[in-house]
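*Asks:* Provided herewith is a single structure, encoded as structure tokens, for subsequent inquiry.
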Amino acid sequence: MHACLDDLVVALYVTIDDLLGPRLGPGHPPKLSDAELVCLGVAQVLLGARSERHWLRFAKRRLGHLFPYLPGQAGYNKRLRAAGHLVCLAIRHLAMVSPSWCEGLRLLDATPLPCAQSRQTVKRSALWPHCAYGYCRAHSRWYWGFKLYLLTAADGMPISWCLATPKLGEREVAAVLLDDAARQRALAKGTIILGDKGFAGRAFHRHVQGLGARLVRPDRKDEPARFGSLGGMRQWIESVFDTLKDQLALERHGGRVLGGVFIRVAQRLLALAAVVWFNWQLGVENKRCLLAYDH
């Protein structure tokens with residue numbers, strides 16, 4: 001195997017084909033299997049296609065030797081939205097088979113996910129019942145949309161994630177996310193969870209301890225010194241978000257309905273997980289390096 005998009009797509013297909021299995025139900029089986037659909041969605045994100053219509057035209061020329069049949073734009077969009085649970089299943093499987101799954105360190109943070117810019121767009125958006133306004137202190141800006149909460153391994157492998165309205169408190173959402181990770185055995189006893197100052201609070205610390213883990217975060221100015229600023233280590237999760245935003249176009253997801261936003265975020269997380277997993281197999285030093293797969 002080599003560090004190239006074709007080998008990544010083939011390896012991913014072989015890995016998840018048995019996991020997803022054949023489609024059950026009445027009627028003829030689809031010409032494009034669920035595993036092929038998921039792989040096609042990963043390739044779309046890695047190649048930076050600006051739209052699904054543009055992507056399907058380009059995929060026929062770039063990946064036609066791997067996908068003899070490509071659906072139309074409407075069929076692709078419909079099947080991809082319905083495959084959200086399959087994409088999440090593939091993310092979890094790649095995380096579990098990667099060496100970083102057994103490490104005792106997890107990174108936890110949240111980042112804005114804008115879904116509209118102008119007030120007029122907000123008023124007309126089908127996401128109005130689900131999104132809300134929030135303030136990003138890191139960039140000193142207001143935004144309208146969701147907040148992406150992400151729990152990763154130290155190498156950037158997504159472990160667990162969720163979307164939430166910015167109106168909810170960070171500790172409240174993070175507690176639910178960690179509960180879900182613990183139920184799925186993604187938090188071993190003694191795991192260190194590295195977070196930021198926003199997760200300060202006795203109740204949240206006790207909640208993490210109740211899961212058998214330990215929360216480590218930068219010290220606030222109004223409390224005794226314990227861990228310091230943790231600037232270098234906090235940069236790990238910031239670099240993961242930077243990869244998602246700059247290289248995988250997280251904030252340019254283009255989702256206009258709830259299902260569309262969900263699958264577009266899941267596509268980008270699966271693309272990141274696939275690259276990290278494949279780079280482990282190839283022995284690449286920088287596990288989040290996407291340069292070999294974006295052309």
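Just so we're on the same page: first chain in the structure tokens is A, next is B, and so on; residues restart at 1 for each chain, and ligands are numbered from 1 in the order they show up.
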Using DSSP on the backbone coordinates, identify the residues of segment 3-150 of chain A assigned to strand (DSSP E or B); present them as an MDAnalysis selection string.
*Replies:* chainID A and resid 105:116 132:136 141:150
*Asks:* Give me, as JSON, numbers by chain, all polymer residues having an atom no more than 9 Å from His130 of chain A, counting only C-alpha atoms and skipping those fewer than 3 positions away in the same chain.
*Replies:* {"A": [126, 127, 145, 146, 164, 165, 258]}
*Asks:* Looking only at helix (DSSP H, G or I) from DSSP on the backbone, list the matching residues of segment 78-208 of chain A as JSON, numbers by chain.
*Replies:* {"A": [78, 79, 80, 81, 82, 84, 85, 86, 87, 88, 89, 90, 91, 92, 93, 94, 95, 96, 97, 99, 100, 101, 102, 119, 120, 121, 122, 123, 124, 170, 171, 172, 173, 174, 175, 176, 177, 178, 179, 180, 181, 182, 183, 197, 198, 199, 202, 203, 204, 205, 206, 207, 208]}
*Asks:* Separation of atom CA of Met233 of chain A and atom CA of Leu194 of chain A, in Å?
*Replies:*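 A separation of 8.2 Å between them.
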*Asks:* Taking a cut-off of 8 Å and counting only C-alpha atoms, can you build a table that, for each residue of segment 72-175 of chain A near segment 276-293 of chain A, reports the nearest atom pair and how far apart they are in Å (one decimal), sorted by chain then residue number, as JSON lines?
*Replies:*
{"residue": "A:Leu94", "atom": "CA", "partner": "A:Trp277", "partner_atom": "CA", "distance": 6.4}
{"residue": "A:Ala95", "atom": "CA", "partner": "A:Trp277", "partner_atom": "CA", "distance": 7.5}
{"residue": "A:Ser98", "atom": "CA", "partner": "A:Trp277", "partner_atom": "CA", "distance": 5.9}
{"residue": "A:Pro99", "atom": "CA", "partner": "A:Trp280", "partner_atom": "CA", "distance": 7.9}
{"residue": "A:Asp155", "atom": "CA", "partner": "A:Lys287", "partner_atom": "CA", "distance": 6.3}
{"residue": "A:Gly156", "atom": "CA", "partner": "A:Arg288", "partner_atom": "CA", "distance": 6.8}
{"residue": "A:Met157", "atom": "CA", "partner": "A:Val276", "partner_atom": "CA", "distance": 6.3}
*Asks:* Given only C-alpha atoms, how would the per-residue table for segment 66-151 of chain A near segment 179-190 of chain A read, listing every residue at most 10 Å away with its closest atom pair and distance in Å to one decimal, sorted by chain and number, as a Markdown table?
*Replies:*
| residue | atom | partner | partner_atom | distance |
| --- | --- | --- | --- | --- |
| A:Arg92 | CA | A:Gln184 | CA | 9.5 |
| A:Ala95 | CA | A:Ala186 | CA | 9.3 |
| A:Met96 | CA | A:Ala186 | CA | 8.4 |
| A:Trp101 | CA | A:Ala186 | CA | 7.4 |
| A:Cys102 | CA | A:Ala188 | CA | 8.1 |
| A:Glu103 | CA | A:Ala188 | CA | 8.8 |
| A:Gly104 | CA | A:Gly190 | CA | 7.0 |
| A:Leu105 | CA | A:Leu187 | CA | 9.0 |
| A:Arg106 | CA | A:Leu187 | CA | 8.3 |
| A:Leu151 | CA | A:Ala181 | CA | 8.6 |
*Asks:* Take the residues just selected and output them with N, CA and C atoms as a compact mmCIF listing (two decimals), in the first residue's frame.
*Replies:*
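Listing of again19.txt after writing:
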# COMPACT_ATOMS: atom_id res chain seq x y z
N ARG A 92 -16.54 4.85 14.50
CA ARG A 92 -16.27 4.11 15.74
C ARG A 92 -15.39 2.89 15.47
N ALA A 95 -11.79 3.92 14.92
CA ALA A 95 -11.19 4.33 16.19
C ALA A 95 -10.80 3.12 17.03
N MET A 96 -11.66 2.10 17.04
CA MET A 96 -11.41 0.93 17.89
C MET A 96 -10.25 0.09 17.39
N TRP A 101 -6.63 3.91 20.39
CA TRP A 101 -7.82 3.58 21.18
C TRP A 101 -7.43 3.14 22.59
N CYS A 102 -6.29 2.50 22.73
CA CYS A 102 -5.87 1.97 24.02
C CYS A 102 -5.05 2.97 24.84
N GLU A 103 -4.80 4.15 24.29
CA GLU A 103 -4.04 5.15 25.03
C GLU A 103 -4.88 5.73 26.17
N GLY A 104 -4.21 6.22 27.18
CA GLY A 104 -4.91 6.74 28.35
C GLY A 104 -5.12 8.23 28.34
N LEU A 105 -5.14 8.84 27.14
CA LEU A 105 -5.32 10.28 27.03
C LEU A 105 -6.41 10.58 26.02
N ARG A 106 -7.34 11.46 26.38
CA ARG A 106 -8.39 11.92 25.48
C ARG A 106 -8.40 13.45 25.47
N LEU A 151 -14.51 14.57 21.12
CA LEU A 151 -13.58 13.83 21.99
C LEU A 151 -12.68 13.01 21.09
*Asks:* Please list as a PyMOL selection string every residue within 10 Å of Ala200 of chain A, counting only C-alpha atoms and excluding residues in the same chain fewer than 3 positions away.
*Replies:* chain A and resi 170-171+195-197+203-205+215-220
*Asks:* Put those residues in a file: N, CA and C atoms, as a PDB file, in the first residue's frame.
*Replies:*
ATOM      1  N   GLU A 170     -21.433  24.347  28.106  1.00  0.00           N
ATOM      2  CA  GLU A 170     -20.428  23.401  27.625  1.00  0.00           C
ATOM      3  C   GLU A 170     -20.295  22.195  28.552  1.00  0.00           C
ATOM      4  N   ARG A 171     -20.317  22.441  29.855  1.00  0.00           N
ATOM      5  CA  ARG A 171     -20.162  21.335  30.802  1.00  0.00           C
ATOM      6  C   ARG A 171     -21.349  20.378  30.720  1.00  0.00           C
ATOM      7  N   GLY A 195      -8.966  19.105  28.809  1.00  0.00           N
ATOM      8  CA  GLY A 195      -9.954  20.083  28.366  1.00  0.00           C
ATOM      9  C   GLY A 195      -9.445  21.497  28.505  1.00  0.00           C
ATOM     10  N   ASP A 196     -10.340  22.473  28.359  1.00  0.00           N
ATOM     11  CA  ASP A 196      -9.940  23.864  28.512  1.00  0.00           C
ATOM     12  C   ASP A 196     -10.600  24.471  29.750  1.00  0.00           C
ATOM     13  N   LYS A 197     -10.408  25.758  29.945  1.00  0.00           N
ATOM     14  CA  LYS A 197     -10.922  26.426  31.142  1.00  0.00           C
ATOM     15  C   LYS A 197     -12.439  26.413  31.215  1.00  0.00           C
ATOM     16  N   ALA A 203     -18.824  20.318  40.070  1.00  0.00           N
ATOM     17  CA  ALA A 203     -19.789  19.287  39.684  1.00  0.00           C
ATOM     18  C   ALA A 203     -19.294  18.509  38.469  1.00  0.00           C
ATOM     19  N   PHE A 204     -18.721  19.216  37.503  1.00  0.00           N
ATOM     20  CA  PHE A 204     -18.223  18.530  36.310  1.00  0.00           C
ATOM     21  C   PHE A 204     -17.015  17.662  36.645  1.00  0.00           C
ATOM     22  N   HIS A 205     -16.138  18.162  37.505  1.00  0.00           N
ATOM     23  CA  HIS A 205     -14.980  17.362  37.928  1.00  0.00           C
ATOM     24  C   HIS A 205     -15.447  16.078  38.615  1.00  0.00           C
ATOM     25  N   LEU A 215      -9.964  14.776  34.899  1.00  0.00           N
ATOM     26  CA  LEU A 215      -9.975  15.968  34.055  1.00  0.00           C
ATOM     27  C   LEU A 215      -8.751  16.825  34.350  1.00  0.00           C
ATOM     28  N   VAL A 216      -8.016  17.150  33.300  1.00  0.00           N
ATOM     29  CA  VAL A 216      -6.859  18.043  33.405  1.00  0.00           C
ATOM     30  C   VAL A 216      -7.137  19.244  32.501  1.00  0.00           C
ATOM     31  N   ARG A 217      -7.025  20.447  33.046  1.00  0.00           N
ATOM     32  CA  ARG A 217      -7.315  21.668  32.289  1.00  0.00           C
ATOM     33  C   ARG A 217      -6.378  22.784  32.747  1.00  0.00           C
ATOM     34  N   PRO A 218      -6.260  23.859  31.943  1.00  0.00           N
ATOM     35  CA  PRO A 218      -5.414  24.984  32.366  1.00  0.00           C
ATOM     36  C   PRO A 218      -5.951  25.637  33.630  1.00  0.00           C
ATOM     37  N   ASP A 219      -5.051  26.167  34.429  1.00  0.00           N
ATOM     38  CA  ASP A 219      -5.446  26.849  35.674  1.00  0.00           C
ATOM     39  C   ASP A 219      -6.093  28.195  35.370  1.00  0.00           C
ATOM     40  N   ARG A 220      -7.108  28.513  36.149  1.00  0.00           N
ATOM     41  CA  ARG A 220      -7.708  29.845  36.074  1.00  0.00           C
ATOM     42  C   ARG A 220      -6.965  30.785  37.027  1.00  0.00           C
TER      43      ARG A 220
END
